[in-house]
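Colleague: The following file, target-v9.cif, comprises mmCIF, C-alpha atoms:
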data_coords
#
loop_
_atom_site.label_atom_id
_atom_site.label_comp_id
_atom_site.auth_asym_id
_atom_site.auth_seq_id
_atom_site.Cartn_x
_atom_site.Cartn_y
_atom_site.Cartn_z
CA MET I 1 129.18 100.30 95.57
CA ILE I 2 130.60 97.07 94.27
CA GLU I 3 129.38 95.31 97.41
CA TRP I 4 125.83 96.06 96.33
CA TRP I 5 126.29 94.17 93.06
CA ASP I 6 127.99 91.29 94.85
CA LYS I 7 125.08 91.01 97.24
CA GLN I 8 122.59 90.79 94.37
CA ILE I 9 124.71 88.18 92.58
CA GLN I 10 125.16 86.08 95.71
CA ARG I 11 121.47 86.20 96.40
CA ALA I 12 120.62 85.11 92.86
CA ASP I 13 123.18 82.30 93.06
CA HIS I 14 121.74 81.26 96.40
CA LEU I 15 118.12 81.25 95.26
CA ALA I 16 118.54 79.73 91.79
CA PRO I 17 119.28 76.11 92.83
CA ARG I 18 116.47 76.22 95.37
CA ALA I 19 113.95 77.82 93.07
CA ASN I 20 111.08 75.88 91.67
CA GLY I 21 109.38 77.67 88.81
CA SER I 22 111.79 80.59 88.48
CA LYS I 23 115.08 78.68 88.31
CA GLU I 24 115.74 79.61 84.67
CA LEU I 25 114.90 83.25 85.34
CA LEU I 26 117.30 83.43 88.28
CA ASN I 27 120.13 81.67 86.48
CA PHE I 28 119.92 84.21 83.70
CA TYR I 29 119.53 87.13 86.07
CA ALA I 30 122.66 86.10 87.98
CA GLN I 31 124.64 86.26 84.73
CA LEU I 32 123.02 89.55 83.81
CA LEU I 33 123.98 91.00 87.19
CA ARG I 34 127.58 89.94 86.63
CA ALA I 35 127.58 91.70 83.26
CA GLN I 36 126.08 94.79 84.84
CA LYS I 37 128.64 94.71 87.61
CA ASP I 38 131.40 94.60 84.98
CA ILE I 39 129.99 97.74 83.35
CA TYR I 40 129.73 99.45 86.70
CA GLU I 41 133.29 98.53 87.66
CA PHE I 42 134.60 99.70 84.29
CA LEU I 43 132.97 103.08 84.69
CA ARG I 44 133.89 103.44 88.32
CA SER I 45 137.52 102.52 87.90
CA ARG I 46 138.09 104.78 84.90
CA LYS I 47 140.73 107.32 85.81
CA ASN I 48 140.06 111.05 85.54
CA TRP I 49 136.51 110.47 84.43
CA LEU I 50 133.18 110.96 86.11
CA PRO I 51 129.82 110.69 84.37
CA SER I 52 128.28 114.00 83.37
CA GLY I 53 124.72 112.67 83.59
CA GLU I 54 124.22 113.63 79.97
CA LEU I 55 124.13 110.31 78.16
CA GLU I 56 125.07 111.80 74.82
CA CYS I 57 128.38 113.00 76.27
CA ASP I 58 129.06 109.81 78.21
CA LEU I 59 128.16 107.40 75.43
CA SER I 60 131.63 107.26 73.95
CA VAL I 61 132.92 105.77 77.20
CA LEU I 62 129.88 103.66 77.88
CA LEU I 63 129.78 102.01 74.46
CA ASP I 64 133.16 100.39 75.09
CA THR I 65 131.40 98.02 77.47
CA LEU I 66 128.51 97.12 75.17
CA PRO I 67 130.11 94.21 73.25
CA GLY I 68 131.00 92.37 76.45
CA PHE I 69 127.51 92.90 77.75
CA LEU I 70 125.92 91.66 74.53
CA LYS I 71 128.11 88.55 74.52
CA VAL I 72 126.85 87.60 77.98
CA ILE I 73 123.26 87.93 76.80
CA GLN I 74 124.08 85.96 73.68
CA SER I 75 125.56 83.17 75.79
CA HIS I 76 123.06 82.99 78.61
CA GLY I 77 119.84 84.56 77.36
CA PRO I 78 116.82 82.83 75.90
CA GLU I 79 116.69 82.28 72.16
CA SER I 80 115.04 85.56 71.23
CA LEU I 81 117.34 87.71 73.39
CA ALA I 82 120.41 85.79 72.24
CA ALA I 83 119.45 86.34 68.61
CA GLU I 84 118.89 90.02 69.19
CA ALA I 85 122.20 90.30 71.04
CA HIS I 86 123.89 88.65 68.09
CA ASP I 87 122.30 91.18 65.72
CA LEU I 88 123.25 94.08 67.93
CA LEU I 89 126.87 92.95 68.02
CA GLU I 90 126.95 93.52 64.28
CA THR I 91 124.96 96.74 64.34
CA ASP I 92 126.52 100.09 63.58
CA PRO I 93 127.50 101.84 66.85
CA GLU I 94 125.65 104.94 65.72
CA VAL I 95 122.42 102.97 65.50
CA LEU I 96 123.06 101.53 68.93
CA ALA I 97 123.66 105.02 70.26
CA GLU I 98 120.37 106.15 68.75
CA ARG I 99 118.52 103.31 70.45
CA LEU I 100 120.08 104.16 73.79
CA MET I 101 119.27 107.84 73.38
CA SER I 102 115.69 106.97 72.46
CA TYR I 103 115.34 104.94 75.66
CA TRP I 104 117.02 107.71 77.61
CA HIS I 105 114.37 110.20 76.49
CA THR I 106 111.35 107.90 76.77
CA PRO I 107 112.12 104.80 78.85
CA SER I 108 110.06 101.66 78.44
CA ASP I 109 110.11 98.41 80.38
CA ILE I 110 109.99 96.22 77.28
CA GLN I 111 113.30 97.56 75.94
CA PHE I 112 115.48 94.94 77.60
CA PHE I 113 118.90 95.86 76.22
CA GLU I 114 118.60 99.57 76.81
CA LYS I 115 117.20 99.19 80.31
CA ALA I 116 119.66 96.51 81.43
CA PHE I 117 122.67 98.25 79.87
CA LEU I 118 121.95 101.68 81.32
CA GLN I 119 121.11 100.53 84.85
CA PRO I 120 124.75 100.30 86.04
CA TYR I 121 125.57 103.59 84.31
CA LEU I 122 122.68 105.38 86.01
CA ARG I 123 123.56 103.83 89.32
CA TRP I 124 127.09 105.20 89.01
CA VAL I 125 125.68 108.57 87.96
CA ALA I 126 123.59 108.57 91.12
CA GLU I 127 126.50 107.58 93.34
CA SER I 128 128.94 110.03 91.79
CA GLY I 129 126.71 112.99 92.52
CA ALA I 130 125.75 113.92 88.96
CA ARG I 131 122.16 114.33 87.75
CA PRO I 132 120.65 112.74 84.65
CA VAL I 133 120.06 115.33 81.98
CA GLY I 134 117.56 115.37 79.13
CA ARG I 135 115.17 112.68 80.31
CA SER I 136 111.50 113.45 79.74
CA VAL I 137 110.02 111.57 82.64
CA SER I 138 107.21 112.13 85.10
CA ALA I 139 107.72 113.80 88.43
CA GLY I 140 105.96 113.11 91.71
CA GLU I 141 106.31 110.97 94.78
CA ARG I 142 105.55 107.82 92.79
CA TYR I 143 108.58 108.33 90.56
CA CYS I 144 112.25 108.12 91.40
CA PRO I 145 113.36 111.53 92.71
CA PHE I 146 116.74 111.03 91.06
CA CYS I 147 115.92 109.93 87.52
CA GLY I 148 112.11 109.95 87.32
CA GLY I 149 111.89 106.21 86.71
CA SER I 150 109.00 103.97 87.75
CA PRO I 151 109.29 101.71 90.78
CA GLN I 152 110.37 98.10 90.18
CA VAL I 153 109.75 96.71 93.63
CA SER I 154 109.00 97.93 97.12
CA PHE I 155 110.59 96.75 100.32
CA LEU I 156 110.01 97.12 104.03
CA GLN I 157 112.95 97.84 106.30
CA ASN I 158 113.31 98.98 109.90
CA LYS I 159 114.63 102.51 110.11
CA GLU I 160 113.81 103.24 113.75
CA THR I 161 115.97 101.13 116.04
CA THR I 162 113.08 100.50 118.43
CA ALA I 163 110.45 99.88 115.78
CA GLU I 164 109.29 96.43 114.76
CA SER I 165 107.41 97.59 111.69
CA GLY I 166 109.12 98.42 108.44
CA ASN I 167 109.31 101.66 106.55
CA ARG I 168 108.47 101.26 102.90
CA ASP I 169 110.91 102.19 100.14
CA LEU I 170 110.61 101.81 96.39
CA ILE I 171 113.49 100.74 94.14
CA CYS I 172 113.77 102.51 90.82
CA ALA I 173 113.61 100.25 87.77
CA THR I 174 115.85 102.60 85.82
CA CYS I 175 118.71 103.59 88.15
CA LEU I 176 118.21 101.09 91.03
CA SER I 177 118.14 103.89 93.59
CA SER I 178 115.56 103.71 96.34
CA TRP I 179 113.32 106.32 97.85
CA GLU I 180 110.95 106.48 100.78
CA PHE I 181 107.29 105.92 100.13
CA ARG I 182 104.26 105.74 102.39
CA ARG I 183 103.09 102.30 103.53
CA VAL I 184 99.37 102.23 102.77
CA VAL I 185 99.35 103.92 99.37
CA CYS I 186 99.19 102.58 95.82
CA ALA I 187 102.58 103.11 94.17
CA ASN I 188 100.89 103.67 90.83
CA CYS I 189 97.85 105.91 91.36
CA GLY I 190 98.17 107.12 94.94
CA GLU I 191 95.00 105.39 96.18
CA GLU I 192 94.88 105.46 99.99
CA ARG I 193 91.54 103.83 100.86
CA PRO I 194 92.30 100.55 102.68
CA ALA I 195 89.39 98.70 101.06
CA LYS I 196 90.89 99.40 97.63
CA LEU I 197 94.38 98.16 98.50
CA GLY I 198 94.90 94.42 98.63
CA TYR I 199 97.99 92.62 99.94
CA PHE I 200 98.29 89.07 98.67
CA HIS I 201 100.53 86.58 100.43
CA SER I 202 101.45 82.98 99.89
CA PRO I 203 103.30 80.73 102.37
CA GLU I 204 105.63 79.67 99.53
CA PHE I 205 107.00 83.23 99.40
CA ASP I 206 106.60 84.27 102.99
CA HIS I 207 108.46 87.58 102.77
CA VAL I 208 107.19 88.65 99.34
CA ARG I 209 103.72 89.92 98.64
CA ILE I 210 101.64 91.45 95.92
CA GLU I 211 100.65 95.03 96.72
CA ALA I 212 97.65 95.56 94.47
CA CYS I 213 95.25 98.43 93.90
CA ASP I 214 91.63 97.81 92.96
CA THR I 215 91.25 101.38 91.73
CA CYS I 216 93.89 101.39 88.98
CA LYS I 217 94.26 97.57 88.81
CA HIS I 218 98.05 97.82 89.01
CA TYR I 219 100.39 96.10 91.42
CA ILE I 220 103.95 96.04 92.62
CA LYS I 221 105.67 93.30 94.56
CA GLY I 222 106.86 94.04 98.08
CA VAL I 223 109.77 92.34 99.85
CA ASP I 224 109.68 92.40 103.64
CA LEU I 225 113.24 92.73 104.91
CA THR I 226 112.00 92.73 108.51
CA ARG I 227 111.23 89.04 107.96
CA VAL I 228 114.22 88.05 105.80
CA GLY I 229 116.94 90.61 106.35
CA PHE I 230 119.41 89.15 103.87
CA ALA I 231 116.94 89.20 100.98
CA ALA I 232 117.79 91.34 97.95
CA PRO I 233 114.52 92.91 96.79
CA ILE I 234 115.21 92.98 93.03
CA VAL I 235 116.37 89.35 93.12
CA ASP I 236 113.72 88.00 95.46
CA GLU I 237 111.17 89.76 93.32
CA ILE I 238 112.21 87.63 90.35
CA ASN I 239 112.27 84.50 92.49
CA ALA I 240 108.61 85.14 93.32
CA ALA I 241 107.60 85.24 89.64
CA PRO I 242 104.68 82.82 90.27
CA LEU I 243 103.02 85.61 92.22
CA ASP I 244 103.18 87.76 89.09
CA LEU I 245 101.30 85.21 87.06
CA TRP I 246 98.73 84.88 89.80
CA ALA I 247 98.26 88.66 89.88
CA ARG I 248 97.85 88.84 86.12
CA GLU I 249 95.32 86.04 86.14
CA HIS I 250 93.35 88.11 88.59
CA GLY I 251 93.33 91.20 86.43
CA TYR I 252 96.24 93.21 87.80
CA THR I 253 98.97 94.77 85.67
CA LYS I 254 102.50 95.23 86.98
CA ILE I 255 103.67 98.82 87.22
CA GLU I 256 107.02 97.95 85.64
CA LEU I 257 108.14 94.65 84.12
CA ASN I 258 111.48 93.42 85.46
CA LEU I 259 114.48 92.36 83.40
CA VAL I 260 113.15 88.86 82.79
CA GLY I 261 109.88 90.27 81.53
CA VAL I 262 107.51 89.34 84.35
CA MET C 1 110.96 94.22 70.06
CA GLU C 2 107.63 94.26 68.26
CA VAL C 3 105.58 92.92 71.12
CA SER C 4 103.81 95.59 73.10
CA ARG C 5 103.42 95.37 76.85
CA ARG C 6 99.64 95.03 76.50
CA THR C 7 99.94 92.24 73.93
CA PHE C 8 102.33 90.36 76.17
CA ILE C 9 100.04 90.49 79.15
CA ARG C 10 97.03 89.42 77.10
CA THR C 11 99.01 86.51 75.66
CA THR C 12 100.04 85.38 79.11
CA LEU C 13 96.48 85.43 80.35
CA ILE C 14 95.00 83.56 77.43
CA GLY C 15 97.81 81.10 76.95
CA GLY C 16 98.26 80.34 80.63
CA ALA C 17 101.96 79.61 80.28
CA GLY C 18 103.61 81.02 77.15
CA VAL C 19 106.78 83.07 77.28
CA THR C 20 107.70 86.42 78.73
CA VAL C 21 108.18 89.43 76.51
CA PHE C 22 111.91 88.64 76.55
CA GLY C 23 111.44 85.00 75.58
CA PHE C 24 111.67 83.12 78.88
CA SER C 25 109.43 80.11 79.17
CA LEU C 26 106.72 80.62 81.75
CA ALA C 27 105.66 76.98 81.88
CA PRO C 28 107.51 76.11 85.13
CA VAL C 29 106.48 79.39 86.69
CA TYR C 30 102.88 78.77 85.73
CA ALA C 31 103.01 75.25 87.17
CA GLN C 32 104.13 76.63 90.51
CA THR C 33 101.47 79.32 90.37
CA GLN C 34 98.76 76.67 90.26
CA GLY C 35 99.81 75.38 93.68
CA LEU C 36 99.93 78.72 95.47
CA LYS C 37 97.62 79.33 98.38
CA ILE C 38 96.96 83.03 98.28
CA ALA C 39 95.43 85.02 101.13
CA ARG C 40 94.35 88.65 100.91
CA THR C 41 94.86 91.10 103.71
CA THR C 42 94.11 94.79 103.97
CA GLU C 43 96.12 97.33 105.91
CA THR C 44 94.11 100.00 107.72
CA ARG C 45 95.77 102.97 109.36
CA SER C 46 94.31 103.82 112.74
CA THR C 47 95.18 105.31 116.12
CA CYS C 48 96.10 103.36 119.24
CA PRO C 49 93.29 103.93 121.77
CA TYR C 50 95.24 103.29 124.95
CA CYS C 51 96.59 106.71 125.88
CA SER C 52 96.76 110.32 124.83
CA VAL C 53 100.04 109.92 122.93
CA SER C 54 97.90 108.76 119.99
CA CYS C 55 100.39 106.51 118.23
CA GLY C 56 99.58 105.51 114.68
CA VAL C 57 98.98 101.83 114.02
CA ILE C 58 98.40 99.67 110.98
CA ILE C 59 95.78 96.95 111.42
CA HIS C 60 96.16 93.91 109.14
CA THR C 61 92.86 92.22 108.37
CA LEU C 62 92.60 88.86 106.67
CA GLY C 63 89.68 88.39 104.32
CA ASP C 64 88.94 88.34 100.62
CA LYS C 65 85.89 90.62 100.90
CA ALA C 66 83.54 87.69 100.19
CA LYS C 67 80.09 88.25 101.65
CA ASN C 68 80.09 85.01 103.62
CA ALA C 69 83.55 85.57 105.11
CA THR C 70 84.18 87.48 108.34
CA PRO C 71 87.31 89.66 108.21
CA GLN C 72 89.80 88.68 110.88
CA VAL C 73 92.46 90.89 112.44
CA VAL C 74 95.75 89.04 112.14
CA HIS C 75 98.34 91.64 113.08
CA VAL C 76 98.69 95.14 114.48
CA GLU C 77 101.91 97.10 114.11
CA GLY C 78 103.13 100.65 114.57
CA ASP C 79 102.68 102.94 111.60
CA PRO C 80 106.16 103.87 110.33
CA ASP C 81 104.73 106.92 108.54
CA HIS C 82 103.10 108.33 111.66
CA PRO C 83 104.95 111.43 112.94
CA ILE C 84 104.39 110.61 116.62
CA ASN C 85 105.64 107.06 116.95
CA ARG C 86 107.32 106.39 113.56
CA GLY C 87 106.59 102.68 113.71
CA THR C 88 107.26 102.13 117.39
CA LEU C 89 104.71 101.00 119.96
CA CYS C 90 104.82 100.60 123.73
CA PRO C 91 104.26 97.06 125.10
CA LYS C 92 100.60 97.80 125.67
CA GLY C 93 100.09 99.18 122.19
CA ALA C 94 102.01 96.27 120.72
CA SER C 95 99.46 93.92 122.28
CA LEU C 96 96.54 95.78 120.69
CA GLN C 97 95.54 92.73 118.67
CA GLN C 98 94.63 91.08 121.98
CA ASP C 99 92.00 93.73 122.60
CA ILE C 100 90.15 92.25 119.64
CA LEU C 101 91.07 88.58 119.76
CA ASN C 102 92.00 87.48 123.27
CA ASP C 103 89.69 84.68 124.40
CA ARG C 104 89.80 85.95 127.99
CA ARG C 105 87.99 89.19 127.10
CA LEU C 106 84.68 89.67 128.96
CA LEU C 107 81.86 89.16 126.50
CA LYS C 108 78.94 89.42 128.91
CA PRO C 109 78.17 91.47 132.03
CA GLN C 110 79.24 90.26 135.47
CA VAL C 111 78.35 91.36 138.99
CA ARG C 112 80.06 91.00 142.36
CA ARG C 113 77.49 91.14 145.14
CA PRO C 114 78.19 92.96 148.42
CA GLY C 115 80.40 90.73 150.54
CA ALA C 116 81.03 88.26 147.74
CA THR C 117 84.54 87.34 146.66
CA ASP C 118 83.74 86.17 143.14
CA TRP C 119 82.16 87.66 140.08
CA GLU C 120 79.05 85.99 138.69
CA ASP C 121 77.49 86.16 135.26
CA ILE C 122 74.32 88.18 134.85
CA SER C 123 72.05 88.60 131.85
CA TRP C 124 71.99 91.88 129.97
CA ASP C 125 68.36 92.49 130.95
CA ASP C 126 69.04 91.84 134.63
CA ALA C 127 72.18 93.98 134.53
CA ILE C 128 70.37 96.91 132.94
CA ASN C 129 67.44 96.65 135.36
CA GLU C 130 69.72 96.42 138.35
CA VAL C 131 71.87 99.35 137.28
CA ALA C 132 68.74 101.42 136.61
CA ARG C 133 67.33 100.56 140.02
CA TRP C 134 70.52 101.50 141.87
CA VAL C 135 71.00 104.68 139.87
CA LYS C 136 67.43 105.77 140.63
CA LYS C 137 67.81 104.96 144.31
CA THR C 138 71.20 106.65 144.66
CA ARG C 139 70.19 109.71 142.67
CA ASP C 140 67.01 110.18 144.71
CA ALA C 141 68.99 109.89 147.91
CA THR C 142 71.87 112.20 147.00
CA PHE C 143 70.44 114.72 144.54
CA VAL C 144 71.23 118.35 145.43
CA GLU C 145 68.75 120.84 144.00
CA LYS C 146 70.13 124.01 145.62
CA ASP C 147 73.44 124.76 147.30
CA LYS C 148 73.86 126.30 150.75
CA ASN C 149 73.45 129.79 149.30
CA GLY C 150 70.13 128.88 147.70
CA ALA C 151 71.45 128.81 144.14
CA THR C 152 69.94 126.13 141.91
CA VAL C 153 72.60 123.51 141.07
CA ASN C 154 70.64 120.28 140.28
CA ARG C 155 73.59 117.98 140.79
CA CYS C 156 73.96 114.36 141.79
CA GLU C 157 76.97 113.82 144.06
CA GLY C 158 76.34 110.17 144.84
CA ILE C 159 77.26 108.74 141.47
CA GLY C 160 80.56 108.77 139.60
CA TRP C 161 81.45 107.55 136.12
CA THR C 162 84.78 106.51 134.72
CA GLY C 163 85.24 105.47 131.10
CA GLY C 164 87.82 103.15 129.63
CA CYS C 165 90.45 103.78 127.01
CA THR C 166 88.85 101.55 124.39
CA ASP C 167 85.40 103.15 124.70
CA THR C 168 84.22 104.33 121.33
CA ASN C 169 83.24 107.88 120.44
CA GLU C 170 79.63 106.75 120.31
CA LEU C 171 79.73 105.24 123.79
CA ASN C 172 81.41 108.35 125.20
CA PHE C 173 78.80 110.58 123.54
CA LEU C 174 75.96 108.61 125.12
CA ALA C 175 77.72 108.51 128.48
CA VAL C 176 78.07 112.29 128.53
CA LYS C 177 74.42 112.78 127.62
CA ALA C 178 73.21 110.26 130.21
CA MET C 179 75.41 111.48 133.07
CA ARG C 180 74.82 115.18 132.44
CA SER C 181 71.06 114.62 132.24
CA MET C 182 71.20 113.08 135.70
CA GLY C 183 73.33 115.89 137.09
CA VAL C 184 76.39 113.68 137.65
CA CYS C 185 79.44 115.84 138.36
CA TYR C 186 82.11 113.24 138.99
CA PHE C 187 82.48 112.20 135.44
CA GLU C 188 85.55 111.14 133.49
CA THR C 189 86.14 109.43 130.18
CA GLN C 190 89.51 108.59 128.70
CA ALA C 191 88.68 110.31 125.42
CA ARG C 192 91.96 112.14 124.94
CA VAL C 193 93.03 110.92 121.54
#
Kindly return the structure encoded in the file as structure tokens.
Modeller:
Amino acid sequence: MIEWWDKQIQRADHLAPRANGSKELLNFYAQLLRAQKDIYEFLRSRKNWLPSGELECDLSVLLDTLPGFLKVIQSHGPESLAAEAHDLLETDPEVLAERLMSYWHTPSDIQFFEKAFLQPYLRWVAESGARPVGRSVSAGERYCPFCGGSPQVSFLQNKETTAESGNRDLICATCLSSWEFRRVVCANCGEERPAKLGYFHSPEFDHVRIEACDTCKHYIKGVDLTRVGFAAPIVDEINAAPLDLWAREHGYTKIELNLVGV
Amino acid sequence: MEVSRRTFIRTTLIGGAGVTVFGFSLAPVYAQTQGLKIARTTETRSTCPYCSVSCGVIIHTLGDKAKNATPQVVHVEGDPDHPINRGTLCPKGASLQQDILNDRRLLKPQVRRPGATDWEDISWDDAINEVARWVKKTRDATFVEKDKNGATVNRCEGIGWTGGCTDTNELNFLAVKAMRSMGVCYFETQARV
């Protein structure tokens, strides 16, 4: 849905001027979201074409959008990403295709271009009813049931009309789909003992918290939509980047780095 | 990218600020991090004690597990993963935090004397002695050893016991043992969860 992208962009635009430490991250992410929305719209509006879910088959269509995407990164990204975008613009399309296929088979959160470029494609795959094919990813409740990706962020949202407490969902870092997940469970190792699960809050980010596990020493950030209903979890998660640094200083590792690398 | 995820994290920790794996400066983020006031809570799944519906609850406890800090319940909410209530709670269950924190809870025994209109405080020792004395007197006066057909029944019909919904398993166990040992028949707990 295009509205979904617009909501993320509006939220990033809203938060960026008000942000303290994460202003630069949000400004970039807003531009990145616009570029991703353009890819999504291109794919969605293409006549007589639906994604097969097999990246190798869909690449010929998808690669048409890559130069525009790279130019946005070149213009708005930090020095290292801009330089790499510049290099990629001059790279042989076959090499680019190989890189994308490599990420497709074994995704990694430090492959910025592959992850950011394929997110809108996978989201459209999910919405169009196809299934991703040929990805060697883990299965289980802690992984996206659609594409097998790791969770990027969790969020709490009321699903029962008479309930005040929020059900917990995880958002996939790879395809941006969400799936239901239990509240008091580590999203990385499945730890359920309350004493091993710590929730860290700060008044500066009232609706965002660190959900950490003392067993596996991993964490994920959680956005509470029952407190701030108009928040966009993947954007608010970036806005709360100071919490990430705090968590790392205290020995926790994030399950999946986001698209600004925190 | 040549930087591994592990290298990036180590660099961030040692360098304090530095840059992210994608090249964003972390200096302003780090500066804000220094001013954060972080509090740790735990979430414990439990069962509402008030009635036999047995709704699931999540109890939020503030505390960083330090030995000199007393954990403090700060919030109780319905458990959205519980199949019975799916995150909802009745008004009484929603006020469960008050069962732990309300400053109007009774923290010491009280007695209302025959004919009196007000309750008065009583020490634990005096309360226990007085209860023991009245139980002994009542049991001696009302104990039934045999029924009208001559069958041995050994029951005490002059004493009744009612338990409360927030009584613990341990209290209910002791109550059953104590009342049954005295032959009390009119006995009820609210242990239905």
Colleague: If we count all atoms listed in the file, what is near Ile38 (chain C) at a cut-off of 7 Å, once residues fewer than 3 positions away on the same chain are taken out, given as a PyMOL selection string?
Modeller: chain I and resi 200-202
Colleague: Work out how far CA of Ile59 (chain C) is from CA of Glu180 (chain I), in Å to one decimal.
Modeller: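 It comes out at 20.8 Å.
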Colleague: Using all atoms listed in the file, determine which residues lie at most 9 Å from Lys221 (chain I), disregarding the query and same-chain residues fewer than 4 positions distant; provide the list as a PyMOL selection string.
Modeller: chain I and resi 152-155+208-212+237+240+243-244+254
Colleague: Up to 12 Å from (100.7, 103.9, 118.9) in the file's coordinates: name the residues, counting all atoms listed in the file, as an MDAnalysis selection string.
Modeller: (chainID I and resid 163 165) or (chainID C and resid 45:59 76:96 193)
Colleague: Do you know which residues lie at most 12 Å from (129.8, 102.1, 67.1), with coordinates as in the file and all atoms listed in the file counted, and could you write them as a list in words?
Modeller: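 The residues that fall inside the cut-off are Leu59, Ser60, Val61, Leu62, Leu63, Asp64, Thr65, Leu66, Pro67, Leu88, Leu89, Glu90, Thr91, Asp92, Pro93, Glu94, Val95, Leu96, Ala97, Glu98, Arg99 and Leu100 of chain I.
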Colleague: Within 10 Å of Asp236 (chain I), counting all atoms listed in the file, which residues show up once you throw out same-chain ones fewer than 3 positions away? Write them as a ChimeraX atom specification, please.
Modeller: /I:8,11-12,15,26,153,205,207-208,221-223,231-233,239-241
Colleague: Taking only C-alpha atoms into account, which residues of chain I are within 8 Å of chain C, as a ChimeraX atom specification?
Modeller: /I:20-22,24-25,78-81,110-112,160,162-167,182-184,194-195,197-204,241-243,245-246,248-249,253,260-262
Colleague: If you keep C-alpha atoms, can you produce a file of those selected residues as a PDB file, in the frame of the given file?
Modeller:
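Written output follows (selection-v2.pdb):
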ATOM      1  CA  ASN I  20     111.080  75.880  91.670  1.00  0.00           C
ATOM      2  CA  GLY I  21     109.380  77.670  88.810  1.00  0.00           C
ATOM      3  CA  SER I  22     111.790  80.590  88.480  1.00  0.00           C
ATOM      4  CA  GLU I  24     115.740  79.610  84.670  1.00  0.00           C
ATOM      5  CA  LEU I  25     114.900  83.250  85.340  1.00  0.00           C
ATOM      6  CA  PRO I  78     116.820  82.830  75.900  1.00  0.00           C
ATOM      7  CA  GLU I  79     116.690  82.280  72.160  1.00  0.00           C
ATOM      8  CA  SER I  80     115.040  85.560  71.230  1.00  0.00           C
ATOM      9  CA  LEU I  81     117.340  87.710  73.390  1.00  0.00           C
ATOM     10  CA  ILE I 110     109.990  96.220  77.280  1.00  0.00           C
ATOM     11  CA  GLN I 111     113.300  97.560  75.940  1.00  0.00           C
ATOM     12  CA  PHE I 112     115.480  94.940  77.600  1.00  0.00           C
ATOM     13  CA  GLU I 160     113.810 103.240 113.750  1.00  0.00           C
ATOM     14  CA  THR I 162     113.080 100.500 118.430  1.00  0.00           C
ATOM     15  CA  ALA I 163     110.450  99.880 115.780  1.00  0.00           C
ATOM     16  CA  GLU I 164     109.290  96.430 114.760  1.00  0.00           C
ATOM     17  CA  SER I 165     107.410  97.590 111.690  1.00  0.00           C
ATOM     18  CA  GLY I 166     109.120  98.420 108.440  1.00  0.00           C
ATOM     19  CA  ASN I 167     109.310 101.660 106.550  1.00  0.00           C
ATOM     20  CA  ARG I 182     104.260 105.740 102.390  1.00  0.00           C
ATOM     21  CA  ARG I 183     103.090 102.300 103.530  1.00  0.00           C
ATOM     22  CA  VAL I 184      99.370 102.230 102.770  1.00  0.00           C
ATOM     23  CA  PRO I 194      92.300 100.550 102.680  1.00  0.00           C
ATOM     24  CA  ALA I 195      89.390  98.700 101.060  1.00  0.00           C
ATOM     25  CA  LEU I 197      94.380  98.160  98.500  1.00  0.00           C
ATOM     26  CA  GLY I 198      94.900  94.420  98.630  1.00  0.00           C
ATOM     27  CA  TYR I 199      97.990  92.620  99.940  1.00  0.00           C
ATOM     28  CA  PHE I 200      98.290  89.070  98.670  1.00  0.00           C
ATOM     29  CA  HIS I 201     100.530  86.580 100.430  1.00  0.00           C
ATOM     30  CA  SER I 202     101.450  82.980  99.890  1.00  0.00           C
ATOM     31  CA  PRO I 203     103.300  80.730 102.370  1.00  0.00           C
ATOM     32  CA  GLU I 204     105.630  79.670  99.530  1.00  0.00           C
ATOM     33  CA  ALA I 241     107.600  85.240  89.640  1.00  0.00           C
ATOM     34  CA  PRO I 242     104.680  82.820  90.270  1.00  0.00           C
ATOM     35  CA  LEU I 243     103.020  85.610  92.220  1.00  0.00           C
ATOM     36  CA  LEU I 245     101.300  85.210  87.060  1.00  0.00           C
ATOM     37  CA  TRP I 246      98.730  84.880  89.800  1.00  0.00           C
ATOM     38  CA  ARG I 248      97.850  88.840  86.120  1.00  0.00           C
ATOM     39  CA  GLU I 249      95.320  86.040  86.140  1.00  0.00           C
ATOM     40  CA  THR I 253      98.970  94.770  85.670  1.00  0.00           C
ATOM     41  CA  VAL I 260     113.150  88.860  82.790  1.00  0.00           C
ATOM     42  CA  GLY I 261     109.880  90.270  81.530  1.00  0.00           C
ATOM     43  CA  VAL I 262     107.510  89.340  84.350  1.00  0.00           C
TER      44      VAL I 262
END
Colleague: If we count only C-alpha atoms, what is near region 132-134 of chain I at a cut-off of 12 Å, once residues fewer than 5 positions away on the same chain are taken out, given as JSON, numbers by chain?
Modeller: {"I": [51, 52, 53, 54, 55, 56, 57, 58, 101, 102, 103, 104, 105, 106, 107, 118, 121, 122, 123, 124, 125, 126, 127, 144, 145, 146, 147, 148, 149, 174, 175]}
Colleague: Choose the residue, out of C:Thr70, C:Thr166, C:Asn149, C:Asn154, that has the smallest atom-to-atom separation from Ile100 (chain C); count all atoms listed in the file.
Modeller: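 Among C:Thr70, C:Thr166, C:Asn149, C:Asn154, it is C:Thr166 that comes nearest to Ile100 (chain C).
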Colleague: Excluding Val111 (chain C) and residues on its chain fewer than 6 positions from it, collect all residues at most 8 Å away from it, counting only C-alpha atoms, and give them as a ChimeraX atom specification.
Modeller: /C:119-122
Colleague: Between CA of Asp147 (chain C) and CA of Arg133 (chain C), what is the distance in Å, rounded to a tenth?
Modeller: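 Separation of CA of Asp147 (chain C) and CA of Arg133 (chain C): 26.0 Å.
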Colleague: So the first atom is CA of Lys115 (chain I) and the second is CA of Glu41 (chain I); what is the distance between them in Å, to one decimal place?
Modeller: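 If I compute the distance from CA of Lys115 (chain I) to CA of Glu41 (chain I), I get 17.7 Å.
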